Amino acid sequence: MKKTILTITALVAFAAHAQPVSDAERAGRLSTGNGEAATPTRAADDLFGAPQTLATDVVGARCVRLADMDGDDDLDAVTVEMGTFDSDLDRYVGSQTAWYANDGSGGFTLQWSAATNADGASDVFPFDFEGDGDVDLLVACFGDYTYDTDSYANGELIWYRNEGGGTMSSEISISTNVDGVQSVVAADLDGDDD
């Protein structure tokens, strides 16, 4: 299994000392390399400091986003891993979603993680879906990819409800009619505050 290094490249990633920002502004995208997951911290002169390690066992990393998951006014990191490609099964296996809590001084610890039932987790979007003040997670899984036919099957959108106190619900399937989905966002499109 190849391990990947993740570093946030968006300027909104002042994870150690940042103030909460809008859902659209808080999204940080990753570039990949080798070794371990990391996020930059805000230096005294407003430049990024050295990367801070989040995890060293990341496999098939796709995305990291920033959100105040625990209501303590600092930005935590949420990630998705698509897992590894199993050529015998002709699909990705081992997809995972994880939340790394920020201690407020640039240190991150794994707070929660869950393997997704669908294969190929490709994106995560933190958003308060219920309006209860707790940031939930919407996860896109592209499903099974067949190289011979260049096609997808069994894609899924998944919701994890933030139940407060550092816990998340089991996965809740929103849609299974999204084969090949690569990214996801949430917004109030009809203006009814949900």
# chains A, B, ... in the order shown; residues from 1 in each chain; ligands from 1
>>> residues_around(residues="Pro126 of chain A", least_positions_apart="3", cutoff="8 Å", atoms="only C-alpha atoms", output="PyMOL selection string")
chain A and resi 23+65-67+78+135-138
>>> closest_residue(among="A:Tyr145, A:Ala118, A:Leu189, A:Gly133", to="Leu157 of chain A", atoms="only C-alpha atoms")
A:Ala118
>>> closest_residue(among="A:Asp179, A:Glu163, A:Glu130, A:Asp90", to="Asp148 of chain A", atoms="only C-alpha atoms")
A:Asp90
>>> atom_distance(atom1="atom CA of Trp99 of chain A", atom2="atom CA of Tyr160 of chain A")
11.3 Å
>>> closest_residue(among="A:Asp88, A:Asp132, A:Asp76, A:Asp123", to="Gly166 of chain A", atoms="only C-alpha atoms")
A:Asp76
>>> closest_residue(among="A:Asp150, A:Asp70, A:Asp119, A:Asp103", to="Arg91 of chain A", atoms="only C-alpha atoms")
A:Asp119
>>> atom_distance(atom1="atom CA of Ile174 of chain A", atom2="atom CA of Phe127 of chain A")
14.6 Å
>>> closest_residue(among="A:Ser169, A:Ser95, A:Ser175, A:Ser122", to="Val139 of chain A", atoms="only C-alpha atoms")
A:Ser122
>>> atom_distance(atom1="atom CA of Thr109 of chain A", atom2="atom CA of Thr84 of chain A")
23.6 Å
>>> closest_residue(among="A:Thr79, A:Met168, A:Asp73, A:Asp193", to="Val59 of chain A", atoms="only C-alpha atoms")
A:Thr79
>>> select_by_dssp(residues="segment 113-178 of chain A", states="strand (DSSP E or B)", output="JSON list (two decimals) with N, CA and C atoms, in the first residue's frame")
[["chain", "number", "residue", "atom", "x", "y", "z"],
["A", 113, "SER", "N", -13.15, 8.33, 13.05],
["A", 113, "SER", "CA", -12.99, 7.85, 11.68],
["A", 113, "SER", "C", -13.99, 6.73, 11.42],
["A", 114, "ALA", "N", -14.31, 6.55, 10.16],
["A", 114, "ALA", "CA", -15.24, 5.49, 9.79],
["A", 114, "ALA", "C", -14.93, 5.02, 8.38],
["A", 115, "ALA", "N", -14.99, 3.72, 8.19],
["A", 115, "ALA", "CA", -14.88, 3.16, 6.85],
["A", 115, "ALA", "C", -16.22, 3.37, 6.16],
["A", 121, "ALA", "N", -14.11, 6.77, -1.85],
["A", 121, "ALA", "CA", -14.42, 8.09, -1.28],
["A", 121, "ALA", "C", -13.56, 9.13, -1.99],
["A", 122, "SER", "N", -14.20, 10.20, -2.50],
["A", 122, "SER", "CA", -13.49, 11.16, -3.33],
["A", 122, "SER", "C", -13.53, 12.58, -2.80],
["A", 123, "ASP", "N", -14.50, 12.93, -1.96],
["A", 123, "ASP", "CA", -14.60, 14.30, -1.47],
["A", 123, "ASP", "C", -15.43, 14.32, -0.19],
["A", 124, "VAL", "N", -15.20, 15.36, 0.62],
["A", 124, "VAL", "CA", -15.97, 15.56, 1.84],
["A", 124, "VAL", "C", -16.30, 17.05, 1.94],
["A", 125, "PHE", "N", -17.50, 17.36, 2.42],
["A", 125, "PHE", "CA", -17.91, 18.75, 2.59],
["A", 125, "PHE", "C", -18.55, 18.91, 3.98],
["A", 126, "PRO", "N", -17.91, 19.72, 4.85],
["A", 126, "PRO", "CA", -18.49, 19.97, 6.17],
["A", 126, "PRO", "C", -19.56, 21.05, 6.08],
["A", 127, "PHE", "N", -20.73, 20.80, 6.70],
["A", 127, "PHE", "CA", -21.87, 21.71, 6.60],
["A", 127, "PHE", "C", -22.86, 21.37, 7.71],
["A", 136, "ASP", "N", -21.93, 18.83, 10.24],
["A", 136, "ASP", "CA", -22.06, 17.45, 9.75],
["A", 136, "ASP", "C", -21.12, 17.26, 8.56],
["A", 137, "LEU", "N", -21.03, 16.05, 8.03],
["A", 137, "LEU", "CA", -20.17, 15.76, 6.89],
["A", 137, "LEU", "C", -20.96, 15.12, 5.75],
["A", 138, "LEU", "N", -20.78, 15.64, 4.55],
["A", 138, "LEU", "CA", -21.31, 15.05, 3.34],
["A", 138, "LEU", "C", -20.14, 14.46, 2.58],
["A", 139, "VAL", "N", -20.21, 13.17, 2.24],
["A", 139, "VAL", "CA", -19.10, 12.47, 1.60],
["A", 139, "VAL", "C", -19.56, 11.93, 0.25],
["A", 140, "ALA", "N", -18.73, 12.14, -0.77],
["A", 140, "ALA", "CA", -18.97, 11.59, -2.10],
["A", 140, "ALA", "C", -18.09, 10.36, -2.30],
["A", 141, "CYS", "N", -18.70, 9.27, -2.79],
["A", 141, "CYS", "CA", -17.97, 8.05, -3.12],
["A", 141, "CYS", "C", -18.25, 7.72, -4.58],
["A", 144, "ASP", "N", -17.51, 1.79, -7.77],
["A", 144, "ASP", "CA", -16.63, 0.84, -8.43],
["A", 144, "ASP", "C", -16.26, 1.36, -9.81],
["A", 145, "TYR", "N", -14.97, 1.36, -10.11],
["A", 145, "TYR", "CA", -14.50, 1.80, -11.43],
["A", 145, "TYR", "C", -13.96, 0.60, -12.19],
["A", 146, "THR", "N", -14.43, 0.40, -13.41],
["A", 146, "THR", "CA", -13.95, -0.69, -14.25],
["A", 146, "THR", "C", -13.08, -0.11, -15.35],
["A", 151, "SER", "N", -15.93, 2.76, -16.82],
["A", 151, "SER", "CA", -17.26, 3.06, -16.29],
["A", 151, "SER", "C", -17.31, 2.91, -14.77],
["A", 152, "TYR", "N", -18.29, 3.55, -14.16],
["A", 152, "TYR", "CA", -18.51, 3.50, -12.72],
["A", 152, "TYR", "C", -19.83, 2.84, -12.40],
["A", 153, "ALA", "N", -19.90, 2.28, -11.19],
["A", 153, "ALA", "CA", -21.15, 1.71, -10.67],
["A", 153, "ALA", "C", -21.13, 1.84, -9.15],
["A", 156, "GLU", "N", -22.15, 6.73, -4.36],
["A", 156, "GLU", "CA", -23.07, 7.06, -3.26],
["A", 156, "GLU", "C", -22.70, 8.39, -2.61],
["A", 157, "LEU", "N", -23.72, 9.13, -2.18],
["A", 157, "LEU", "CA", -23.54, 10.30, -1.32],
["A", 157, "LEU", "C", -23.92, 9.87, 0.09],
["A", 158, "ILE", "N", -23.05, 10.19, 1.05],
["A", 158, "ILE", "CA", -23.23, 9.75, 2.43],
["A", 158, "ILE", "C", -23.22, 10.96, 3.36],
["A", 159, "TRP", "N", -24.08, 10.93, 4.35],
["A", 159, "TRP", "CA", -24.14, 11.98, 5.37],
["A", 159, "TRP", "C", -23.76, 11.36, 6.71],
["A", 160, "TYR", "N", -22.84, 12.03, 7.42],
["A", 160, "TYR", "CA", -22.54, 11.69, 8.81],
["A", 160, "TYR", "C", -23.05, 12.83, 9.67],
["A", 162, "ASN", "N", -23.29, 15.02, 12.91],
["A", 162, "ASN", "CA", -22.49, 15.35, 14.09],
["A", 162, "ASN", "C", -23.44, 15.35, 15.28],
["A", 163, "GLU", "N", -23.22, 14.43, 16.20],
["A", 163, "GLU", "CA", -24.10, 14.28, 17.35],
["A", 163, "GLU", "C", -23.60, 15.04, 18.57],
["A", 164, "GLY", "N", -22.52, 15.84, 18.40],
["A", 164, "GLY", "CA", -21.96, 16.61, 19.49],
["A", 164, "GLY", "C", -21.08, 15.74, 20.36],
["A", 167, "THR", "N", -18.73, 12.92, 18.71],
["A", 167, "THR", "CA", -19.22, 11.70, 18.08],
["A", 167, "THR", "C", -20.00, 12.02, 16.80],
["A", 168, "MET", "N", -19.96, 11.09, 15.89],
["A", 168, "MET", "CA", -20.68, 11.20, 14.62],
["A", 168, "MET", "C", -21.59, 9.98, 14.50],
["A", 172, "ILE", "N", -25.33, 7.66, 6.74],
["A", 172, "ILE", "CA", -26.71, 7.75, 6.27],
["A", 172, "ILE", "C", -26.64, 7.95, 4.76],
["A", 173, "SER", "N", -27.19, 7.02, 4.00],
["A", 173, "SER", "CA", -27.14, 7.12, 2.54],
["A", 173, "SER", "C", -28.14, 8.16, 2.07],
["A", 174, "ILE", "N", -27.66, 9.14, 1.30],
["A", 174, "ILE", "CA", -28.53, 10.18, 0.73],
["A", 174, "ILE", "C", -28.96, 9.79, -0.68],
["A", 175, "SER", "N", -28.01, 9.28, -1.47],
["A", 175, "SER", "CA", -28.32, 8.87, -2.84],
["A", 175, "SER", "C", -27.35, 7.79, -3.29]]
